[in-house]
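Asks: To start, I am sharing the structure in question, which I have written as structure tokens.
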Amino acid sequence: MGKKYVEDYHEVIQVGIDHYELIKGWSSKGPDRDQNYWYYKLMSNAEWDNYYQRFISDFEIVEYLILR
């Protein structure tokens with residue numbers, strides 16, 4: 001995979017109503033045969049809820065304006 005496409009791979013993607021998390025790994029099949037791999041894995045509802053709670057807890061509302 002070329003480094004120029006790395007930004008196109010999001011940590012979590014949504015397809016329809018399903019959410020998939022990006023899995024990154026590394027394997028070695030002997031000398032000079034190291035290999036990186038990336039793929040998306042379907043998240044369970046519990047995994048999605050946990051991810052979503054961690055994601056929204058990273059935001060802090062500093063100022064807001066209510067419009068009518």
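Each chain of the structure tokens is named A, B, ... in the order shown, its residues numbered from 1; ligands are numbered from 1 in display order.
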Fewer than 5 positions away in the same chain doesn't count, so skip those; otherwise give me all residues within 9 Å of Ile13 of chain A, counting only C-alpha atoms, as a PyMOL selection string.

Replies: chain A and resi 18-22+40

Asks: Write out, as a JSON list (two decimals), in the first residue's frame, the residues just selected, with C-alpha atoms.

Replies:
```
[["chain", "number", "residue", "atom", "x", "y", "z"],
["A", 18, "ASP", "CA", -22.87, -1.22, 10.07],
["A", 19, "HIS", "CA", -19.60, 0.17, 11.46],
["A", 20, "TYR", "CA", -16.16, -1.21, 10.63],
["A", 21, "GLU", "CA", -12.89, -0.56, 12.45],
["A", 22, "LEU", "CA", -9.51, -0.39, 10.73],
["A", 40, "TYR", "CA", -11.67, -3.38, 8.08]]
```

Asks: Which of chain A counts as helix (DSSP H, G or I) under DSSP, as a list in words please?

Replies: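 In chain A, DSSP puts these residues in helix (DSSP H, G or I): Lys3, Lys4, Tyr5, Val6, Glu7, Asp8, Asn45, Ala46, Glu47, Trp48, Asp49, Asn50, Tyr51, Tyr52, Gln53, Arg54, Phe55 and Ile56 of chain A.
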
Asks: Identify, with DSSP run on backbone atoms, the residues in chain A assigned to strand (DSSP E), and express the list as a VMD selection string.

Replies: chain A and resid 12 to 15 18 to 28 34 to 42

Asks: Produce a file of the selected residues containing N, CA and C atoms, as a CSV table (one decimal), in the first residue's frame.

Replies:
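Final output, saved to selection24.csv:
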```csv
chain,number,residue,atom,x,y,z
A,12,VAL,N,-12.6,4.4,11.7
A,12,VAL,CA,-13.9,3.7,11.6
A,12,VAL,C,-14.7,4.2,10.4
A,13,ILE,N,-15.3,3.3,9.7
A,13,ILE,CA,-16.2,3.7,8.6
A,13,ILE,C,-17.6,3.1,8.8
A,14,GLN,N,-18.5,3.7,8.1
A,14,GLN,CA,-19.9,3.2,8.2
A,14,GLN,C,-20.4,2.8,6.8
A,15,VAL,N,-20.9,1.7,6.7
A,15,VAL,CA,-21.5,1.2,5.5
A,15,VAL,C,-22.9,0.8,5.8
A,18,ASP,N,-24.0,-0.5,9.4
A,18,ASP,CA,-22.9,-1.2,10.1
A,18,ASP,C,-21.6,-0.3,10.2
A,19,HIS,N,-20.8,-0.6,11.2
A,19,HIS,CA,-19.6,0.2,11.5
A,19,HIS,C,-18.4,-0.8,11.4
A,20,TYR,N,-17.3,-0.4,10.8
A,20,TYR,CA,-16.2,-1.2,10.6
A,20,TYR,C,-15.0,-0.5,11.2
A,21,GLU,N,-14.1,-1.2,11.9
A,21,GLU,CA,-12.9,-0.6,12.5
A,21,GLU,C,-11.7,-1.0,11.6
A,22,LEU,N,-10.7,-0.1,11.5
A,22,LEU,CA,-9.5,-0.4,10.7
A,22,LEU,C,-8.6,-1.2,11.6
A,23,ILE,N,-8.1,-2.3,11.1
A,23,ILE,CA,-7.2,-3.2,11.8
A,23,ILE,C,-5.8,-3.1,11.1
A,24,LYS,N,-4.8,-2.8,11.8
A,24,LYS,CA,-3.5,-2.6,11.2
A,24,LYS,C,-2.6,-3.7,11.9
A,25,GLY,N,-1.8,-4.4,11.1
A,25,GLY,CA,-0.9,-5.4,11.7
A,25,GLY,C,0.4,-5.6,11.0
A,26,TRP,N,1.2,-6.5,11.5
A,26,TRP,CA,2.5,-6.8,10.9
A,26,TRP,C,2.7,-8.3,11.1
A,27,SER,N,3.3,-8.9,10.1
A,27,SER,CA,3.6,-10.3,10.2
A,27,SER,C,5.0,-10.5,9.5
A,28,SER,N,5.6,-11.6,9.9
A,28,SER,CA,7.0,-11.9,9.4
A,28,SER,C,6.9,-13.3,9.0
A,34,ASP,N,9.0,-9.4,5.8
A,34,ASP,CA,8.1,-8.7,6.7
A,34,ASP,C,7.0,-8.1,5.8
A,35,GLN,N,5.8,-8.0,6.4
A,35,GLN,CA,4.6,-7.6,5.7
A,35,GLN,C,3.7,-6.8,6.6
A,36,ASN,N,3.2,-5.6,6.2
A,36,ASN,CA,2.2,-4.9,6.9
A,36,ASN,C,0.8,-5.2,6.3
A,37,TYR,N,-0.2,-5.2,7.1
A,37,TYR,CA,-1.5,-5.4,6.5
A,37,TYR,C,-2.5,-4.5,7.2
A,38,TRP,N,-3.5,-4.1,6.4
A,38,TRP,CA,-4.6,-3.3,6.9
A,38,TRP,C,-5.9,-3.8,6.4
A,39,TYR,N,-6.9,-3.9,7.2
A,39,TYR,CA,-8.3,-4.3,6.7
A,39,TYR,C,-9.3,-3.8,7.7
A,40,TYR,N,-10.6,-3.8,7.2
A,40,TYR,CA,-11.7,-3.4,8.1
A,40,TYR,C,-12.4,-4.6,8.6
A,41,LYS,N,-12.8,-4.5,9.9
A,41,LYS,CA,-13.5,-5.6,10.6
A,41,LYS,C,-14.8,-5.0,11.2
A,42,LEU,N,-15.9,-5.8,11.0
A,42,LEU,CA,-17.2,-5.4,11.4
A,42,LEU,C,-17.2,-5.3,13.0
```
